[in-house]
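A short write-up of the structure that comes next.
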Amino acid sequence: MNDFPIIKVNNLIKDYAMGKQCFRALNDVNLSFKMGEFCGLVGPSGSGKTTLLNIIGALDNPTSGDAIVMDKSITVLNHKEAAKMRNESIGFIFQTYNLLPVYSVFENVEFPLLLLKKNKTEREEAVMRALEWVGLSGKANSRPNQLSGGESQRVAVARAMVKLPKIVLADEPTANLDAANSHNILKTMQNLNHELKTTFIFATHDEKVIGYLHRKVMLNDGKVIDDVNLN
Amino acid sequence: MLIIKLAFRNIIHAGLRTWLNVIVLSFAFVLIILIEGLYDGMSEQVKDAEIDSNVGGGQFWQKDYDPYDSFSLERSHAEIPAELKQEIKRGNASAVLIVSASIFPRNLIQSVSLKGIDPDQKIVNLPVSILKEERDTNVIPGLIGSRMAKSTGLQAGDYVSVRWRNINGTFDAGDIKIENVIDLNLPSIDNGQIWIPLEKLRNMMRIPGQATIITLKKNIDRIPADSRDWIFKDYNYLLKDLNDNISRKRLYSNFMFSLLLGMALLAVFDTQVLSIFRRRKEIGTLMALGMTRWSVIGLFTLEGCLLGILAFIAGSIYGYPILAYLAKEGLVLPRMIERSQFAVLLTLYPKYGLHLYVVTSLILLISVIIVSFLPTRKITTLKPTDALKGKFS
Ligand SMILES: Nc1ncnc2c1ncn2[C@@H]1O[C@H](COP(=O)(O)OP(=O)(O)OP(=O)(O)O)[C@@H](O)[C@H]1O
Ligand SMILES: [Mg+2]
């Protein structure tokens, strides 16, 4: 595995204004993630996991400190550059799937490739391959509202993976799934991590997920309280 | 390209909401063209009728004549200058003498203008030749329009007493026989007027050879010069009242136009606001997937614009045959409009130029773009993390 840090988080502080006071959601977080890591941010609800993922994904700005993602400081990116970075290098998986209701499964997975202006044959190949990874080739023409929760989550995984991003940020990807489906998805991700060296960062408190992780970063009250290698 | 495709998919998916908007917008579009076309057609028809039956190719007025001052009629008659006489002889002009008088229909007194006209004239389109047919030289043959008939209760064949003051200031009286009542489309030649033979009126007044107005033939080659007593009025002048009246009505039609468009636009605006509110999570997702904020704004604006474009297409498709049919067959108006001071046109033919179509389309499209865009400004201040949580900051 490459030792090059693909993500580096330095002295990260995130405050949320709460009326006159402010609430510190992240308190001086320092972390570094290597390429190809399969790693989880673990901690109780409210510990700052989602906040940290959002900052790494350039969806949010820190109050102070910095996150360097693929050699770029996200604090200096403007909206357009941030969008470009997400588009090209980052796959998001949300707890609530967030599939686009208007589109079929195929079109949902195809969407990031359209943004990347890939041509039609490239897109078709990549979408079918991604659907195969998650075992949904047969549902390409279904609409999101015709899918079960597990299937929807797998479509979300395929959508995050289809462009072969360097980084996948998955926020509670198994929260709505039963055990069988959770293992299914985690195995799929594990395989992709193996084959493509994609860096996965999870935010979770699900024991099932923790069982698959190679590294566990424990957060509490916005602070890193532990960082364990599970290999 | 991508956002066009996405926008199209989104509005198709929105189903009923989209079609309702398209229907409302296209209705407004077609109705606006129809209303404006009706006004254009009506203005033109009234103008044509006015030229045809009243003002011809312009008129010479005796210098004292003032249509708004009935007392001026006592003075406004004069000998016809030689040059105009020549034109009358050649069939290029015709003289009208206007005199005020009182009639006594139903034992009431009513003041009228007696208009003497040559029953053989071919200058304006008035069926006055019937005035020649009266054999009884003791009566004055008269012709009235349907409004005049209504306001006096006179019918064809009726006799009505008339009293006037001749040039010497002496009162004189006689009987007018209503030879016919005809539908005159124009109030300007109907209200308060009785048409009688010119020579008869000159005799009644003891002013042989005099007149108040000389109407020229339409498209006459050369307009004689003004003389001391006679001033030429061209049709811009003669149609000024009519044009003013039309522009007043136009203002009203523009108000209707704005109201109609405004209501249709409100529907689009509403749809946009609702759609942005309901789809904020989707907006967050699009941003997380790497769409820029401005692309998202573009997408939502485009969705609104597509409604306008669809309405334009739909309106053009179903509106064309309807509007074309109405232009050909005309729109038959209810009789009650007769009472308005505007012309009675029983059948109106709307007239729509390319100009009207293009301008209306542009107004529709541009205003739809604006109302589609306005609500999307909310997106510029939306934080992706909040949008993903489904909340607005
Ligand atoms: N927009 C916001 N405004 C104010 N406070 C916020 C905002 N977003 C998050 N917080 C607070 O920051 C803290 C960290 O939130 P975060 O969503 O990162 O927690 P989390 O670890 O993901 O929790 P969970 O496991 O419940 O998802 C919480 O206490 C939360 O209340
Ligand atoms: Mg969270």
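Every chain in the structure tokens has a letter given in the order shown (A, B, ...), and although residue numbers restart at 1 in each chain, ligands are simply numbered from 1 in the order shown.
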
Item to complete: Would you list, as an NGL selection string, the residues of stretch 64-250 of chain B that end up in strand (DSSP E or B) under DSSP run on this structure's backbone?
Response: :B and (78-79 or 93-103 or 110-117 or 140-145 or 159-165 or 171-182 or 193-197 or 210-211 or 213-216 or 230-233)

Report as a Markdown table: every residue of chain B with an atom at most 12 Å from ligand 1, its closest pair of atoms, and their distance in Å to one decimal, counting only C-alpha atoms and all ligand atoms, with rows sorted by chain and ascending residue number.
| residue | atom | partner | partner_atom_place_in_ligand_line | distance |
| --- | --- | --- | --- | --- |
| B:Leu382 | CA | ligand 1 | 1 (N) | 11.9 |
| B:Lys383 | CA | ligand 1 | 1 (N) | 9.4 |
| B:Pro384 | CA | ligand 1 | 1 (N) | 10.6 |
| B:Thr385 | CA | ligand 1 | 1 (N) | 7.6 |
| B:Asp386 | CA | ligand 1 | 1 (N) | 6.6 |
| B:Ala387 | CA | ligand 1 | 1 (N) | 10.3 |
| B:Leu388 | CA | ligand 1 | 1 (N) | 10.8 |
| B:Lys389 | CA | ligand 1 | 1 (N) | 8.9 |
| B:Gly390 | CA | ligand 1 | 1 (N) | 11.2 |
| B:Lys391 | CA | ligand 1 | 1 (N) | 9.4 |
| B:Phe392 | CA | ligand 1 | 1 (N) | 10.2 |
| B:Ser393 | CA | ligand 1 | 1 (N) | 8.6 |

Selected residues written out with N, CA, C and O atoms, as a compact mmCIF listing (two decimals), in the first residue's frame:
# COMPACT_ATOMS: atom_id res chain seq x y z
N LEU B 382 -27.54 29.07 -0.25
CA LEU B 382 -27.81 27.78 0.38
C LEU B 382 -26.49 27.04 0.60
O LEU B 382 -25.68 26.91 -0.30
N LYS B 383 -26.27 26.58 1.85
CA LYS B 383 -25.06 25.79 2.09
C LYS B 383 -25.36 24.34 1.76
O LYS B 383 -26.39 23.80 2.17
N PRO B 384 -24.46 23.70 1.04
CA PRO B 384 -24.73 22.32 0.63
C PRO B 384 -25.02 21.41 1.82
O PRO B 384 -25.88 20.54 1.74
N THR B 385 -24.31 21.66 2.94
CA THR B 385 -24.54 20.78 4.09
C THR B 385 -25.94 20.95 4.65
O THR B 385 -26.58 19.98 5.06
N ASP B 386 -26.44 22.19 4.61
CA ASP B 386 -27.81 22.42 5.07
C ASP B 386 -28.81 21.82 4.11
O ASP B 386 -29.81 21.23 4.51
N ALA B 387 -28.53 22.01 2.81
CA ALA B 387 -29.44 21.48 1.80
C ALA B 387 -29.56 19.96 1.94
O ALA B 387 -30.65 19.41 1.88
N LEU B 388 -28.43 19.32 2.19
CA LEU B 388 -28.45 17.87 2.34
C LEU B 388 -29.30 17.44 3.52
O LEU B 388 -29.92 16.39 3.51
N LYS B 389 -29.28 18.27 4.56
CA LYS B 389 -30.11 17.95 5.72
C LYS B 389 -31.56 18.33 5.47
O LYS B 389 -32.42 18.14 6.32
N GLY B 390 -31.81 18.97 4.32
CA GLY B 390 -33.18 19.34 4.00
C GLY B 390 -33.61 20.61 4.70
O GLY B 390 -34.77 20.82 4.96
N LYS B 391 -32.64 21.46 5.03
CA LYS B 391 -33.07 22.72 5.63
C LYS B 391 -32.47 23.91 4.90
O LYS B 391 -31.48 23.79 4.18
N PHE B 392 -33.12 25.05 5.07
CA PHE B 392 -32.63 26.29 4.49
C PHE B 392 -31.96 27.09 5.58
O PHE B 392 -32.43 27.11 6.71
N SER B 393 -30.87 27.75 5.24
CA SER B 393 -30.26 28.57 6.27
C SER B 393 -30.80 29.98 6.18
O SER B 393 -31.26 30.40 5.15

Item to complete: Excluding B:Leu20 and any residue of its chain fewer than 4 positions from it, enumerate the residues within 10 Å of it, using only C-alpha atoms, and give them as a ChimeraX atom specification.
Response: /B:15-16,24-26,267-268,307

Discussion item. How would you report the residues lying within 8 Å of ligand 2, as a list in words, if you count only C-alpha atoms and all ligand atoms?
Written reply: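 The residues near ligand 2 are Ser45, Gly46, Gly48, Lys49, Thr50, Thr51, Asp171, Glu172, Ala203 and Thr204 of chain A.
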
Worksheet item: With only C-alpha atoms as the basis for distance, which of A:Ile13, A:Cys22, A:Ile56, A:Leu230 is at the shortest distance from chain B?
Response: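 Using only C-alpha atoms, the shortest distance to chain B belongs to A:Ile56.
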
Discussion item. With 10 Å as the limit and counting only C-alpha atoms, what residues in chain A lie close to chain B? Please list them as a VMD selection string.
Written reply: chain A and resid 50 to 51 54 to 55 57 to 60 79 to 94 96 to 103 111 to 112 114 to 117 159 to 160

Discussion item. Report as a ChimeraX atom specification all protein, DNA and RNA residues lying within 9 Å of stretch 319-321 of chain B, evaluated on only C-alpha atoms, omitting residues in the same chain fewer than 4 positions from it.
Written reply: /B:26-27,29-31,314-315,325-326

Deliver the residues from the most recent selection as a file, using N, CA, C and O atoms, as a CSV table (one decimal), in the first residue's frame.
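This is the output file selection_10.csv:
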chain,number,residue,atom,x,y,z
B,26,SER,N,-50.1,28.9,-21.9
B,26,SER,CA,-50.4,29.0,-23.3
B,26,SER,C,-51.7,29.6,-23.5
B,26,SER,O,-51.9,30.3,-24.5
B,27,PHE,N,-52.6,29.4,-22.6
B,27,PHE,CA,-53.9,30.1,-22.6
B,27,PHE,C,-53.7,31.6,-22.6
B,27,PHE,O,-54.3,32.3,-23.4
B,29,PHE,N,-51.2,33.2,-23.4
B,29,PHE,CA,-50.5,33.5,-24.7
B,29,PHE,C,-51.5,33.7,-25.8
B,29,PHE,O,-51.5,34.7,-26.5
B,30,VAL,N,-52.3,32.7,-26.0
B,30,VAL,CA,-53.3,32.7,-27.1
B,30,VAL,C,-54.3,33.8,-26.9
B,30,VAL,O,-54.6,34.6,-27.8
B,31,LEU,N,-54.8,34.0,-25.6
B,31,LEU,CA,-55.8,35.0,-25.3
B,31,LEU,C,-55.2,36.4,-25.6
B,31,LEU,O,-55.9,37.3,-26.1
B,314,ALA,N,-47.1,24.9,-27.5
B,314,ALA,CA,-48.4,24.4,-27.4
B,314,ALA,C,-49.4,25.5,-27.9
B,314,ALA,O,-50.3,25.2,-28.7
B,315,GLY,N,-49.2,26.7,-27.4
B,315,GLY,CA,-50.1,27.8,-27.8
B,315,GLY,C,-50.1,28.0,-29.3
B,315,GLY,O,-51.1,28.3,-29.9
B,325,TYR,N,-59.1,30.8,-37.7
B,325,TYR,CA,-60.5,30.6,-37.9
B,325,TYR,C,-61.3,31.9,-37.5
B,325,TYR,O,-62.1,32.4,-38.3
B,326,LEU,N,-61.0,32.5,-36.4
B,326,LEU,CA,-61.6,33.7,-35.9
B,326,LEU,C,-61.3,34.8,-36.9
B,326,LEU,O,-62.2,35.7,-37.1

Practice prompt. Would you mind reading off the distance between atom CA of A:Asp206 and atom CA of A:Thr174, one decimal, in Å?
Written response: 7.5 Å

Item to complete: Write out as an MDAnalysis selection string all residues of stretch 182-224 of chain A that backbone DSSP assigns to helix (DSSP H, G or I).
Response: chainID A and resid 182:196 207:210

Fill in: Interatomic distance (Å, one decimal) between atom CA of A:Met218 and atom CA of A:Val9
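A separation of 14.9 Å between them.
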
Fill in: stretch 124-127 of chain A environment, 6 Å, only C-alpha atoms, sequence neighbours closer than 3 positions dropped, as a list in words
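Contacts, with the query itself left out: Glu110, Thr121 and Ala130 of chain A.
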
Item to complete: Can you pull out every residue within 6 Å of stretch 248-263 of chain B, counting only C-alpha atoms, but drop anything in the same chain fewer than 3 positions away, and send it as a ChimeraX atom specification?
Response: /B:28,32,245,266

I need the chosen residues saved as a PDB file, in the first residue's frame, with N, CA and C atoms.
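What follows is the written file part28.pdb:
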ATOM      1  N   ALA B  28     -52.931  32.025 -21.688  1.00  0.00           N
ATOM      2  CA  ALA B  28     -52.678  33.462 -21.597  1.00  0.00           C
ATOM      3  C   ALA B  28     -52.083  33.954 -22.914  1.00  0.00           C
ATOM      4  N   ILE B  32     -53.980  36.585 -25.185  1.00  0.00           N
ATOM      5  CA  ILE B  32     -53.383  37.903 -25.378  1.00  0.00           C
ATOM      6  C   ILE B  32     -53.332  38.233 -26.866  1.00  0.00           C
ATOM      7  N   ASN B 245     -59.702  57.558 -29.021  1.00  0.00           N
ATOM      8  CA  ASN B 245     -60.616  56.598 -28.435  1.00  0.00           C
ATOM      9  C   ASN B 245     -60.003  55.195 -28.476  1.00  0.00           C
ATOM     10  N   LEU B 266     -47.579  34.126 -12.180  1.00  0.00           N
ATOM     11  CA  LEU B 266     -47.658  33.807 -10.758  1.00  0.00           C
ATOM     12  C   LEU B 266     -47.655  32.288 -10.571  1.00  0.00           C
TER      13      LEU B 266
END

Practice prompt. Write out as a ChimeraX atom specification which residues come within 10 Å of B:Ser247 when counting only C-alpha atoms, dropping same-chain ones fewer than 6 positions away.
Written response: /B:39,43,241,253

Item to complete: Work out how far apart atom CA of A:Gln95 and atom CA of A:Ala140 are and give it in Å to one decimal.
Response: 21.5 Å

Could you produce a table of the residues of stretch 150-215 of chain B lying within 8 Å of stretch 72-90 of chain B, with the nearest pair of atoms per residue and their separation in Å rounded to one decimal, using only C-alpha atoms, ordered by chain and increasing residue number, as a tab-separated table?
residue	atom	partner	partner_atom	distance
B:Gly209	CA	B:Glu79	CA	5.9
B:Gln210	CA	B:Glu79	CA	4.4
B:Ala211	CA	B:His77	CA	5.1
B:Thr212	CA	B:His77	CA	4.6
B:Ile214	CA	B:Leu84	CA	7.8

What would the file look like if the residues just selected were written as a PDB file, in the first residue's frame with all heavy atoms?
ATOM      1  N   GLY B 209     -76.528  77.088 -53.123  1.00  0.00           N
ATOM      2  CA  GLY B 209     -75.109  76.945 -53.497  1.00  0.00           C
ATOM      3  C   GLY B 209     -74.147  76.885 -52.326  1.00  0.00           C
ATOM      4  O   GLY B 209     -72.941  76.755 -52.516  1.00  0.00           O
ATOM      5  N   GLN B 210     -74.672  76.910 -51.071  1.00  0.00           N
ATOM      6  CA  GLN B 210     -73.729  76.907 -49.944  1.00  0.00           C
ATOM      7  C   GLN B 210     -73.563  75.508 -49.328  1.00  0.00           C
ATOM      8  O   GLN B 210     -74.370  74.615 -49.555  1.00  0.00           O
ATOM      9  CB  GLN B 210     -74.209  77.887 -48.869  1.00  0.00           C
ATOM     10  CG  GLN B 210     -74.239  79.326 -49.375  1.00  0.00           C
ATOM     11  CD  GLN B 210     -74.192  80.340 -48.263  1.00  0.00           C
ATOM     12  OE1 GLN B 210     -73.955  80.006 -47.104  1.00  0.00           O
ATOM     13  NE2 GLN B 210     -74.396  81.606 -48.632  1.00  0.00           N
ATOM     14  N   ALA B 211     -72.495  75.372 -48.584  1.00  0.00           N
ATOM     15  CA  ALA B 211     -72.229  74.084 -47.930  1.00  0.00           C
ATOM     16  C   ALA B 211     -71.387  74.297 -46.681  1.00  0.00           C
ATOM     17  O   ALA B 211     -70.890  75.407 -46.435  1.00  0.00           O
ATOM     18  CB  ALA B 211     -71.509  73.136 -48.887  1.00  0.00           C
ATOM     19  N   THR B 212     -71.253  73.255 -45.862  1.00  0.00           N
ATOM     20  CA  THR B 212     -70.445  73.326 -44.639  1.00  0.00           C
ATOM     21  C   THR B 212     -69.154  72.519 -44.804  1.00  0.00           C
ATOM     22  O   THR B 212     -68.090  72.889 -44.326  1.00  0.00           O
ATOM     23  CB  THR B 212     -71.249  72.755 -43.452  1.00  0.00           C
ATOM     24  OG1 THR B 212     -72.499  73.433 -43.392  1.00  0.00           O
ATOM     25  CG2 THR B 212     -70.507  72.924 -42.146  1.00  0.00           C
ATOM     26  N   ILE B 214     -66.928  69.901 -47.623  1.00  0.00           N
ATOM     27  CA  ILE B 214     -66.761  69.273 -48.932  1.00  0.00           C
ATOM     28  C   ILE B 214     -65.886  68.042 -48.714  1.00  0.00           C
ATOM     29  O   ILE B 214     -64.745  68.161 -48.266  1.00  0.00           O
ATOM     30  CB  ILE B 214     -66.035  70.194 -49.945  1.00  0.00           C
ATOM     31  CG1 ILE B 214     -66.619  71.602 -49.956  1.00  0.00           C
ATOM     32  CG2 ILE B 214     -66.022  69.554 -51.327  1.00  0.00           C
ATOM     33  CD1 ILE B 214     -68.008  71.702 -50.515  1.00  0.00           C
TER      34      ILE B 214
END
